[in-house]
Structures are given as C-alpha cells and as structure tokens.
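For reference, target.pdb is printed below; it contains PDB, C-alpha atoms.
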```pdb
MODEL        1
ATOM      1  CA  MET A  23      -2.480 -11.664   9.470  1.00  0.00           C
ATOM      2  CA  LYS A  24      -0.890 -12.464  12.866  1.00  0.00           C
ATOM      3  CA  HIS A  25       2.477 -13.169  11.193  1.00  0.00           C
ATOM      4  CA  VAL A  26       2.181  -9.925   9.236  1.00  0.00           C
ATOM      5  CA  LYS A  27       1.414  -7.930  12.391  1.00  0.00           C
ATOM      6  CA  ASN A  28       4.392  -9.423  14.251  1.00  0.00           C
ATOM      7  CA  HIS A  29       6.652  -8.791  11.278  1.00  0.00           C
ATOM      8  CA  PHE A  30       5.753  -5.096  11.148  1.00  0.00           C
ATOM      9  CA  GLU A  31       5.843  -4.616  14.925  1.00  0.00           C
ATOM     10  CA  GLU A  32       9.461  -5.823  14.853  1.00  0.00           C
ATOM     11  CA  GLU A  33      10.527  -3.778  11.834  1.00  0.00           C
ATOM     12  CA  ALA A  34       8.788  -0.464  12.536  1.00  0.00           C
ATOM     13  CA  GLU A  35      11.868   1.441  13.715  1.00  0.00           C
ATOM     14  CA  GLU A  36      13.986   0.477  10.725  1.00  0.00           C
ATOM     15  CA  PHE A  37      11.150   0.415   8.193  1.00  0.00           C
ATOM     16  CA  ASP A  38      12.016   3.657   6.382  1.00  0.00           C
ATOM     17  CA  GLN A  39      15.587   2.560   5.708  1.00  0.00           C
ATOM     18  CA  LEU A  40      14.557  -1.007   4.968  1.00  0.00           C
ATOM     19  CA  ILE A  41      11.875  -0.137   2.428  1.00  0.00           C
ATOM     20  CA  GLN A  42      14.385   1.652   0.209  1.00  0.00           C
ATOM     21  CA  THR A  43      16.391  -1.580  -0.106  1.00  0.00           C
ATOM     22  CA  ILE A  44      13.401  -3.881  -0.615  1.00  0.00           C
ATOM     23  CA  ILE A  45      11.070  -1.971  -2.946  1.00  0.00           C
ATOM     24  CA  PRO A  46      12.542  -0.737  -6.260  1.00  0.00           C
ATOM     25  CA  PHE A  47      11.928   2.953  -6.973  1.00  0.00           C
ATOM     26  CA  TYR A  48       9.910   3.313  -3.783  1.00  0.00           C
ATOM     27  CA  GLU A  49       9.944   7.115  -3.882  1.00  0.00           C
ATOM     28  CA  ASP A  50       8.687   7.114  -7.481  1.00  0.00           C
ATOM     29  CA  MET A  51       5.884   4.741  -6.526  1.00  0.00           C
ATOM     30  CA  VAL A  52       4.772   6.946  -3.635  1.00  0.00           C
ATOM     31  CA  SER A  53       4.953  10.071  -5.807  1.00  0.00           C
ATOM     32  CA  ALA A  54       2.838   8.412  -8.506  1.00  0.00           C
ATOM     33  CA  LEU A  55       0.115   7.625  -5.970  1.00  0.00           C
ATOM     34  CA  VAL A  56       0.027  11.152  -4.544  1.00  0.00           C
ATOM     35  CA  LEU A  57       0.089  12.762  -8.001  1.00  0.00           C
ATOM     36  CA  SER A  58      -2.995  10.709  -8.907  1.00  0.00           C
ATOM     37  CA  LEU A  59      -5.188  12.436  -6.317  1.00  0.00           C
ATOM     38  CA  PRO A  60      -7.325  14.864  -8.400  1.00  0.00           C
ATOM     39  CA  PHE A  61      -7.688  17.733  -5.957  1.00  0.00           C
ATOM     40  CA  HIS A  62      -6.612  21.361  -5.760  1.00  0.00           C
ATOM     41  CA  PRO A  63      -3.666  21.773  -3.360  1.00  0.00           C
ATOM     42  CA  LYS A  64      -5.680  24.102  -1.093  1.00  0.00           C
ATOM     43  CA  GLU A  65      -8.815  21.964  -1.071  1.00  0.00           C
ATOM     44  CA  GLN A  66     -10.174  20.692   2.252  1.00  0.00           C
ATOM     45  CA  ILE A  67     -10.446  16.939   1.803  1.00  0.00           C
ATOM     46  CA  LYS A  68     -10.723  13.869   4.016  1.00  0.00           C
ATOM     47  CA  ILE A  69      -8.415  10.960   3.235  1.00  0.00           C
ATOM     48  CA  LEU A  70      -8.244   7.431   4.634  1.00  0.00           C
ATOM     49  CA  ASP A  71      -4.774   5.816   4.604  1.00  0.00           C
ATOM     50  CA  LEU A  72      -5.104   2.034   4.951  1.00  0.00           C
ATOM     51  CA  GLY A  73      -1.995   0.277   6.229  1.00  0.00           C
ATOM     52  CA  CYS A  74      -0.286   3.611   6.857  1.00  0.00           C
ATOM     53  CA  GLY A  75       2.981   2.107   8.110  1.00  0.00           C
ATOM     54  CA  THR A  76       5.302   4.836   9.348  1.00  0.00           C
ATOM     55  CA  GLY A  77       3.264   7.537   7.609  1.00  0.00           C
ATOM     56  CA  ASN A  78       5.183   7.958   4.347  1.00  0.00           C
ATOM     57  CA  ILE A  79       2.107   8.279   2.123  1.00  0.00           C
ATOM     58  CA  SER A  80       0.303  10.580   4.541  1.00  0.00           C
ATOM     59  CA  GLN A  81       3.383  12.785   4.855  1.00  0.00           C
ATOM     60  CA  LYS A  82       3.597  13.226   1.091  1.00  0.00           C
ATOM     61  CA  ILE A  83      -0.147  13.912   0.921  1.00  0.00           C
ATOM     62  CA  LYS A  84       0.133  16.629   3.584  1.00  0.00           C
ATOM     63  CA  GLU A  85       3.036  18.217   1.711  1.00  0.00           C
ATOM     64  CA  LYS A  86       0.879  18.537  -1.411  1.00  0.00           C
ATOM     65  CA  PHE A  87      -2.521  19.019   0.260  1.00  0.00           C
ATOM     66  CA  PRO A  88      -1.878  20.900   3.525  1.00  0.00           C
ATOM     67  CA  ASN A  89      -5.603  21.191   4.298  1.00  0.00           C
ATOM     68  CA  ALA A  90      -6.233  17.451   4.031  1.00  0.00           C
ATOM     69  CA  ARG A  91      -7.565  15.705   7.118  1.00  0.00           C
ATOM     70  CA  ILE A  92      -6.211  12.156   7.236  1.00  0.00           C
ATOM     71  CA  THR A  93      -7.225   9.015   9.106  1.00  0.00           C
ATOM     72  CA  CYS A  94      -4.207   6.692   9.402  1.00  0.00           C
ATOM     73  CA  VAL A  95      -4.961   3.020  10.015  1.00  0.00           C
ATOM     74  CA  ASP A  96      -2.447   0.252  10.709  1.00  0.00           C
ATOM     75  CA  LEU A  97      -2.499  -3.165  12.338  1.00  0.00           C
ATOM     76  CA  ALA A  98       0.836  -2.685  14.137  1.00  0.00           C
ATOM     77  CA  GLU A  99       1.043  -0.466  17.223  1.00  0.00           C
ATOM     78  CA  ASN A 100       4.713   0.296  16.579  1.00  0.00           C
ATOM     79  CA  MET A 101       3.934   1.489  13.055  1.00  0.00           C
ATOM     80  CA  ILE A 102       1.300   3.861  14.462  1.00  0.00           C
ATOM     81  CA  LYS A 103       3.891   5.181  16.948  1.00  0.00           C
ATOM     82  CA  MET A 104       6.363   5.866  14.138  1.00  0.00           C
ATOM     83  CA  ALA A 105       3.659   7.547  12.049  1.00  0.00           C
ATOM     84  CA  LYS A 106       2.679   9.771  14.972  1.00  0.00           C
ATOM     85  CA  ALA A 107       6.294  10.876  15.398  1.00  0.00           C
ATOM     86  CA  LYS A 108       6.795  11.539  11.690  1.00  0.00           C
ATOM     87  CA  LEU A 109       3.504  13.404  11.341  1.00  0.00           C
ATOM     88  CA  SER A 110       3.775  15.265  14.665  1.00  0.00           C
ATOM     89  CA  PRO A 111       3.864  18.708  12.957  1.00  0.00           C
ATOM     90  CA  TYR A 112       0.227  18.164  11.937  1.00  0.00           C
ATOM     91  CA  ASP A 113      -2.762  18.379  14.280  1.00  0.00           C
ATOM     92  CA  ASP A 114      -5.404  17.195  11.823  1.00  0.00           C
ATOM     93  CA  ILE A 115      -4.478  13.514  11.595  1.00  0.00           C
ATOM     94  CA  GLU A 116      -6.387  10.723  13.359  1.00  0.00           C
ATOM     95  CA  TYR A 117      -4.726   7.381  14.166  1.00  0.00           C
ATOM     96  CA  LEU A 118      -6.450   4.012  14.446  1.00  0.00           C
ATOM     97  CA  ARG A 119      -4.736   0.755  15.322  1.00  0.00           C
ATOM     98  CA  ALA A 120      -7.062  -1.688  13.602  1.00  0.00           C
ATOM     99  CA  ASP A 121      -7.404  -4.488  11.096  1.00  0.00           C
ATOM    100  CA  PHE A 122      -8.714  -2.582   8.086  1.00  0.00           C
ATOM    101  CA  ARG A 123     -10.928  -5.529   7.158  1.00  0.00           C
ATOM    102  CA  GLU A 124     -13.056  -4.593  10.182  1.00  0.00           C
ATOM    103  CA  LEU A 125     -13.489  -0.882   9.485  1.00  0.00           C
ATOM    104  CA  GLU A 126     -16.964   0.597   9.103  1.00  0.00           C
ATOM    105  CA  PHE A 127     -17.138   3.985   7.363  1.00  0.00           C
ATOM    106  CA  GLN A 128     -20.009   5.319   5.276  1.00  0.00           C
ATOM    107  CA  GLU A 129     -19.241   7.737   2.434  1.00  0.00           C
ATOM    108  CA  GLU A 130     -16.907   9.836   4.571  1.00  0.00           C
ATOM    109  CA  TYR A 131     -13.840  10.338   2.409  1.00  0.00           C
ATOM    110  CA  GLU A 132     -12.827  12.113  -0.785  1.00  0.00           C
ATOM    111  CA  ALA A 133      -9.984   9.615  -1.182  1.00  0.00           C
ATOM    112  CA  VAL A 134      -8.830   6.265   0.142  1.00  0.00           C
ATOM    113  CA  VAL A 135      -5.187   5.330  -0.359  1.00  0.00           C
ATOM    114  CA  SER A 136      -3.132   2.280   0.497  1.00  0.00           C
ATOM    115  CA  SER A 137       0.458   1.180   0.060  1.00  0.00           C
ATOM    116  CA  LEU A 138       1.945  -2.318   0.304  1.00  0.00           C
ATOM    117  CA  ALA A 139      -0.944  -3.599   2.416  1.00  0.00           C
ATOM    118  CA  LEU A 140      -3.755  -5.202   0.426  1.00  0.00           C
ATOM    119  CA  HIS A 141      -1.519  -7.994  -0.902  1.00  0.00           C
ATOM    120  CA  HIS A 142      -1.488  -9.451   2.625  1.00  0.00           C
ATOM    121  CA  LEU A 143      -5.161 -10.360   2.152  1.00  0.00           C
ATOM    122  CA  SER A 144      -6.238 -13.488   0.290  1.00  0.00           C
ATOM    123  CA  PRO A 145      -7.280 -12.924  -3.346  1.00  0.00           C
ATOM    124  CA  GLU A 146     -10.945 -13.387  -2.424  1.00  0.00           C
ATOM    125  CA  GLU A 147     -10.601 -10.875   0.411  1.00  0.00           C
ATOM    126  CA  GLN A 148      -8.945  -8.434  -1.986  1.00  0.00           C
ATOM    127  CA  ARG A 149     -11.838  -8.797  -4.408  1.00  0.00           C
ATOM    128  CA  SER A 150     -14.515  -8.275  -1.772  1.00  0.00           C
ATOM    129  CA  PHE A 151     -12.630  -5.407  -0.121  1.00  0.00           C
ATOM    130  CA  TYR A 152     -13.003  -3.198  -3.189  1.00  0.00           C
ATOM    131  CA  ARG A 153     -16.747  -3.338  -2.591  1.00  0.00           C
ATOM    132  CA  ARG A 154     -16.153  -2.109   0.969  1.00  0.00           C
ATOM    133  CA  ILE A 155     -13.692   0.607  -0.069  1.00  0.00           C
ATOM    134  CA  ILE A 156     -16.181   2.148  -2.492  1.00  0.00           C
ATOM    135  CA  GLY A 157     -18.593   2.443   0.435  1.00  0.00           C
ATOM    136  CA  PHE A 158     -16.046   4.548   2.328  1.00  0.00           C
ATOM    137  CA  LEU A 159     -15.986   7.127  -0.481  1.00  0.00           C
ATOM    138  CA  LYS A 160     -18.189  10.100  -1.192  1.00  0.00           C
ATOM    139  CA  GLY A 161     -19.547  10.395  -4.725  1.00  0.00           C
ATOM    140  CA  GLY A 162     -16.696  11.317  -7.070  1.00  0.00           C
ATOM    141  CA  GLY A 163     -14.119  10.114  -4.532  1.00  0.00           C
ATOM    142  CA  VAL A 164     -11.095   8.073  -5.573  1.00  0.00           C
ATOM    143  CA  PHE A 165      -9.125   5.045  -4.423  1.00  0.00           C
ATOM    144  CA  TYR A 166      -5.463   4.534  -5.338  1.00  0.00           C
ATOM    145  CA  ASN A 167      -3.265   1.643  -4.295  1.00  0.00           C
ATOM    146  CA  ALA A 168       0.494   1.077  -4.528  1.00  0.00           C
ATOM    147  CA  ASP A 169       1.169  -2.608  -4.135  1.00  0.00           C
ATOM    148  CA  ASN A 170       2.836  -5.893  -4.952  1.00  0.00           C
ATOM    149  CA  ILE A 171       1.208  -7.547  -8.004  1.00  0.00           C
ATOM    150  CA  LEU A 172       1.492 -10.628 -10.187  1.00  0.00           C
ATOM    151  CA  GLY A 173       1.992 -10.815 -13.920  1.00  0.00           C
ATOM    152  CA  SER A 174      -0.385 -12.457 -16.371  1.00  0.00           C
ATOM    153  CA  THR A 175       1.751 -15.546 -17.039  1.00  0.00           C
ATOM    154  CA  PRO A 176       4.135 -17.824 -15.106  1.00  0.00           C
ATOM    155  CA  TYR A 177       6.967 -16.615 -17.342  1.00  0.00           C
ATOM    156  CA  LEU A 178       6.318 -12.965 -16.496  1.00  0.00           C
ATOM    157  CA  ASN A 179       6.066 -13.803 -12.807  1.00  0.00           C
ATOM    158  CA  GLN A 180       9.527 -15.352 -12.951  1.00  0.00           C
ATOM    159  CA  VAL A 181      10.846 -12.257 -14.720  1.00  0.00           C
ATOM    160  CA  TYR A 182       9.284 -10.109 -12.002  1.00  0.00           C
ATOM    161  CA  MET A 183      10.846 -12.222  -9.267  1.00  0.00           C
ATOM    162  CA  ASP A 184      14.267 -12.185 -10.919  1.00  0.00           C
ATOM    163  CA  LYS A 185      14.176  -8.395 -11.212  1.00  0.00           C
ATOM    164  CA  TRP A 186      13.144  -8.048  -7.573  1.00  0.00           C
ATOM    165  CA  VAL A 187      15.958 -10.317  -6.370  1.00  0.00           C
ATOM    166  CA  GLU A 188      18.414  -8.454  -8.602  1.00  0.00           C
ATOM    167  CA  PHE A 189      17.390  -5.198  -6.926  1.00  0.00           C
ATOM    168  CA  MET A 190      17.643  -6.541  -3.367  1.00  0.00           C
ATOM    169  CA  LEU A 191      21.105  -7.996  -4.022  1.00  0.00           C
ATOM    170  CA  GLN A 192      22.404  -4.467  -4.524  1.00  0.00           C
ATOM    171  CA  TYR A 193      21.866  -3.891  -0.797  1.00  0.00           C
ATOM    172  CA  ARG A 194      21.665  -7.299   0.882  1.00  0.00           C
ATOM    173  CA  SER A 195      23.598 -10.546   0.783  1.00  0.00           C
ATOM    174  CA  ARG A 196      22.250 -13.460  -1.222  1.00  0.00           C
ATOM    175  CA  GLU A 197      22.000 -15.400   2.027  1.00  0.00           C
ATOM    176  CA  LYS A 198      19.667 -12.811   3.581  1.00  0.00           C
ATOM    177  CA  VAL A 199      17.591 -12.529   0.417  1.00  0.00           C
ATOM    178  CA  GLU A 200      17.145 -16.300   0.152  1.00  0.00           C
ATOM    179  CA  GLU A 201      16.758 -17.051   3.865  1.00  0.00           C
ATOM    180  CA  ILE A 202      14.767 -14.015   5.031  1.00  0.00           C
ATOM    181  CA  TRP A 203      13.047 -12.000   2.326  1.00  0.00           C
ATOM    182  CA  LEU A 204      11.961 -14.662  -0.128  1.00  0.00           C
ATOM    183  CA  PRO A 205      10.509 -16.905   2.642  1.00  0.00           C
ATOM    184  CA  LYS A 206       8.646 -13.892   4.109  1.00  0.00           C
ATOM    185  CA  HIS A 207       7.250 -13.160   0.666  1.00  0.00           C
ATOM    186  CA  ARG A 208       6.053 -16.748   0.245  1.00  0.00           C
ATOM    187  CA  GLU A 209       4.521 -16.909   3.732  1.00  0.00           C
ATOM    188  CA  GLU A 210       2.909 -13.478   4.073  1.00  0.00           C
ATOM    189  CA  ASP A 211       2.184 -12.147   0.579  1.00  0.00           C
ATOM    190  CA  PHE A 212      -0.742 -13.113  -1.634  1.00  0.00           C
ATOM    191  CA  PRO A 213      -0.471 -10.803  -4.659  1.00  0.00           C
ATOM    192  CA  SER A 214      -2.941 -11.038  -7.512  1.00  0.00           C
ATOM    193  CA  PRO A 215      -2.492 -10.261 -11.209  1.00  0.00           C
ATOM    194  CA  LEU A 216      -2.898  -6.582 -12.022  1.00  0.00           C
ATOM    195  CA  HIS A 217      -5.651  -7.271 -14.541  1.00  0.00           C
ATOM    196  CA  HIS A 218      -7.635  -8.986 -11.753  1.00  0.00           C
ATOM    197  CA  HIS A 219      -7.433  -5.856  -9.622  1.00  0.00           C
ATOM    198  CA  ILE A 220      -8.675  -3.751 -12.536  1.00  0.00           C
ATOM    199  CA  GLN A 221     -11.552  -6.155 -13.127  1.00  0.00           C
ATOM    200  CA  TRP A 222     -12.464  -6.336  -9.431  1.00  0.00           C
ATOM    201  CA  MET A 223     -12.507  -2.547  -9.119  1.00  0.00           C
ATOM    202  CA  LYS A 224     -14.835  -2.254 -12.097  1.00  0.00           C
ATOM    203  CA  GLU A 225     -17.086  -4.987 -10.675  1.00  0.00           C
ATOM    204  CA  ALA A 226     -17.257  -3.026  -7.401  1.00  0.00           C
ATOM    205  CA  GLY A 227     -18.485   0.051  -9.287  1.00  0.00           C
ATOM    206  CA  PHE A 228     -15.315   2.087  -9.823  1.00  0.00           C
ATOM    207  CA  THR A 229     -14.939   4.038 -13.068  1.00  0.00           C
ATOM    208  CA  ASP A 230     -11.942   5.574 -14.832  1.00  0.00           C
ATOM    209  CA  VAL A 231      -9.830   2.682 -13.538  1.00  0.00           C
ATOM    210  CA  ASP A 232      -6.236   3.035 -14.688  1.00  0.00           C
ATOM    211  CA  VAL A 233      -2.659   1.922 -14.051  1.00  0.00           C
ATOM    212  CA  VAL A 234      -0.635   4.983 -13.098  1.00  0.00           C
ATOM    213  CA  TRP A 235       2.809   3.452 -12.564  1.00  0.00           C
ATOM    214  CA  LYS A 236       4.359   0.005 -12.823  1.00  0.00           C
ATOM    215  CA  TYR A 237       7.766  -1.607 -12.372  1.00  0.00           C
ATOM    216  CA  TYR A 238       7.559  -5.378 -12.838  1.00  0.00           C
ATOM    217  CA  MET A 239       5.930  -6.756  -9.630  1.00  0.00           C
ATOM    218  CA  PHE A 240       5.009  -3.351  -8.173  1.00  0.00           C
ATOM    219  CA  GLY A 241       2.279  -1.053  -9.425  1.00  0.00           C
ATOM    220  CA  VAL A 242       0.036   1.927  -8.679  1.00  0.00           C
ATOM    221  CA  TYR A 243      -3.552   1.793  -9.894  1.00  0.00           C
ATOM    222  CA  GLY A 244      -6.951   3.132  -8.952  1.00  0.00           C
ATOM    223  CA  GLY A 245     -10.228   4.681  -9.998  1.00  0.00           C
ATOM    224  CA  LYS A 246     -13.205   6.895  -9.130  1.00  0.00           C
ATOM    225  CA  LYS A 247     -16.556   6.255  -7.475  1.00  0.00           C
TER     226      LYS A 247
ENDMDL
END
```
Write the structure described by the file as structure tokens, please.
Amino acid sequence: MKHVKNHFEEEAEEFDQLIQTIIPFYEDMVSALVLSLPFHPKEQIKILDLGCGTGNISQKIKEKFPNARITCVDLAENMIKMAKAKLSPYDDIEYLRADFRELEFQEEYEAVVSSLALHHLSPEEQRSFYRRIIGFLKGGGVFYNADNILGSTPYLNQVYMDKWVEFMLQYRSREKVEEIWLPKHREEDFPSPLHHHIQWMKEAGFTDVDVVWKYYMFGVYGGKK
C-alpha cells in the first residue's frame, strides 16, 4: 500500500481531471452508486466513505441527501486536503487519514460506500474485509462499491483490457498508456472477478446482493445487512 499512498499523494491536485481520462463513464459510475442508496432525501443518515479521494462520492451523496453525516477516510493526506476543500460548504463531515484496513467501527452507519479503493487490497484481504464492513453497518444498512473488477475468463479479461486502453488513448498518448498507466495497474491493482465479490459478500452475511452498473472492467455492486 506504500506505493499506492505515494501515487495518490502525488496526483491529488490533478485527480479530478485525471480520473475522467482514465475511468470510462466515471460520472455514470458515481451516479449509479449514489442512486443505489435506499434512503429518503431528507433522512438523517450516517455514511462511511472508504478511500474518499478528493470527495467526489461524498459530494454527490450530500447533493442528494443533505442531512447525511459522512465520515471520509483516505490513506493520502493530500487527498484529504482536496476533499476538505471540495466539501467545505458542509459542516457535518468528519475526515480521517487512515488505512481503512485498520478501522474499528461497531454498527455505526446506515451506509458504507467505496470507490476505486478495495482493488488495491489483495484478493484475500478483499474477501475478509467484507466481514469487517458488515460490522460497521447498522441492521438494514447497505454497502455499495464502485471498483475495478476482473472478468470470468482470460478471454474476457483481455477484452476488458483492450476496451480500457482504447478509452485511455482518446486522451493520452500510447507511450504514456504503455509506460505509465499499464505498469501502475500491474504493480498496484489486484482486482478480483465480479462473481467472487458477490460470493464473498454473501458469505459475509449480506443479502439482496446485486450488480447495479457495469462497463467491462469497472462495476458497481453491493447489498444489505
């Protein structure tokens, strides 16, 4: 995770522009996650945002659920700084610079959300973390994740990779894609097949597990405690 932390410390200031050129249909993915939260817009809810980055998910949540109280967690200090600036109009957001593998919460939240973070953990850590996430939730609470995923076969994984490269080449040179972004992906990302995530969530005790949105190697999925 040290490489991941350094990577995000360096890229925090340009993250919002960068993400649009690296993640296909990023805005749609974020919208799908927020639309999945099953609450009334005026409801007072507590939400935990794991790997909050510059605060994009939390910002969209506050726009839809103005009474939500959010705890934003990120490993990178510079990401927390950017999130604080973006979310400065709100006075009901808490910020924690922490490795979310070390968090200890007990049934505090109506929802836990995450975006482009869990794939930095090893597959075994991903599997065990679902058992921790469910402990953060109150009864009836939900977890939704927007993340990098694998396909079910080597062929599909190659299709996914080809589509991702095709997207990035619209904005970046082939040299940068091949010398920067693909090596970072190989070194820092450990995505798992989507059907594994579904299985692991069910094993952890989640119900109503579903895939909300998917575009090749990116997906939004989640379930209820």
Between A:Ala139, A:Leu216, A:Met223, A:Leu72, which one has atoms that come closest to Gly173 of chain A, using all atoms listed in the file?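 Checking each candidate against Gly173 of chain A, we get A:Leu216 as the closest.
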Taking the file above as input, evaluate the PyMOL selection byres ((chain A and resi 59-71) around 8) and report the hits as an NGL selection string. :A and (55-58 or 72-74 or 79-80 or 86-95 or 130-136 or 164 or 166)
Write out as a compact mmCIF listing (two decimals) with C-alpha atoms, keeping the file's coordinate frame which residues come within 10 Å of Thr76 of chain A when counting all atoms listed in the file, dropping same-chain ones fewer than 5 positions away.
```txt
# COMPACT_ATOMS: atom_id res chain seq x y z
CA ALA A 34 8.79 -0.46 12.54
CA GLU A 35 11.87 1.44 13.72
CA GLU A 36 13.99 0.48 10.72
CA PHE A 37 11.15 0.42 8.19
CA ASP A 38 12.02 3.66 6.38
CA GLN A 81 3.38 12.78 4.86
CA CYS A 94 -4.21 6.69 9.40
CA ASP A 96 -2.45 0.25 10.71
CA ALA A 98 0.84 -2.68 14.14
CA ASN A 100 4.71 0.30 16.58
CA MET A 101 3.93 1.49 13.06
CA ILE A 102 1.30 3.86 14.46
CA LYS A 103 3.89 5.18 16.95
CA MET A 104 6.36 5.87 14.14
CA ALA A 105 3.66 7.55 12.05
CA LYS A 106 2.68 9.77 14.97
CA ALA A 107 6.29 10.88 15.40
CA LYS A 108 6.80 11.54 11.69
CA LEU A 109 3.50 13.40 11.34
```
Evaluate the PyMOL selection byres ((chain A and resi 222) around 12) on the structure here and hand back the selected residues as a PyMOL selection string. chain A and resi 145-156+214-221+223-229+231+244-245
Pick the closest to Gln42 of chain A from A:Val234, A:Glu201, A:Tyr193, A:Val242: which is it, counting all atoms listed in the file?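 Result for the nearest residue to Gln42 of chain A: A:Tyr193.
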Which residue out of A:Lys82, A:Gly75, A:Glu116, A:Asp230 has the minimum interatomic distance to Glu99 of chain A when all atoms listed in the file are used?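 Smallest separation from Glu99 of chain A among the options: A:Gly75.
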Specify the axis-aligned box that encloses all atoms of segment 158-173 of chain A listed in the file after padding of 3 Å on each side, stating its centre and edge lengths in Å to one decimal as lines of an AutoDock Vina configuration file.
```
center_x = -8.4
center_y = 0.3
center_z = -5.8
size_x = 28.4
size_y = 28.1
size_z = 22.2
```
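Across the model, the gap from atom CA of Asn170 of chain A to atom CA of His142 of chain A is 9.4 Å.
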Within 7 Å of file point (6.2, -1.4, -3.7), counting all atoms listed in the file, expressed as a list of chain:residue names: A:Ile45, A:Pro46, A:Tyr48, A:Met51, A:Leu138, A:Ala168, A:Asp169, A:Asn170, A:Phe240, A:Gly241
State, in Å with one decimal place, the distance from atom CA of Thr43 of chain A to atom CA of Gly77 of chain A.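 Interatomic distance, atom CA of Thr43 of chain A to atom CA of Gly77 of chain A: 17.7 Å.
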What gap, in Å, lies between atom CA of Gln192 of chain A and atom CA of Ser174 of chain A?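 So the two atoms, atom CA of Gln192 of chain A and atom CA of Ser174 of chain A, lie 26.9 Å apart.
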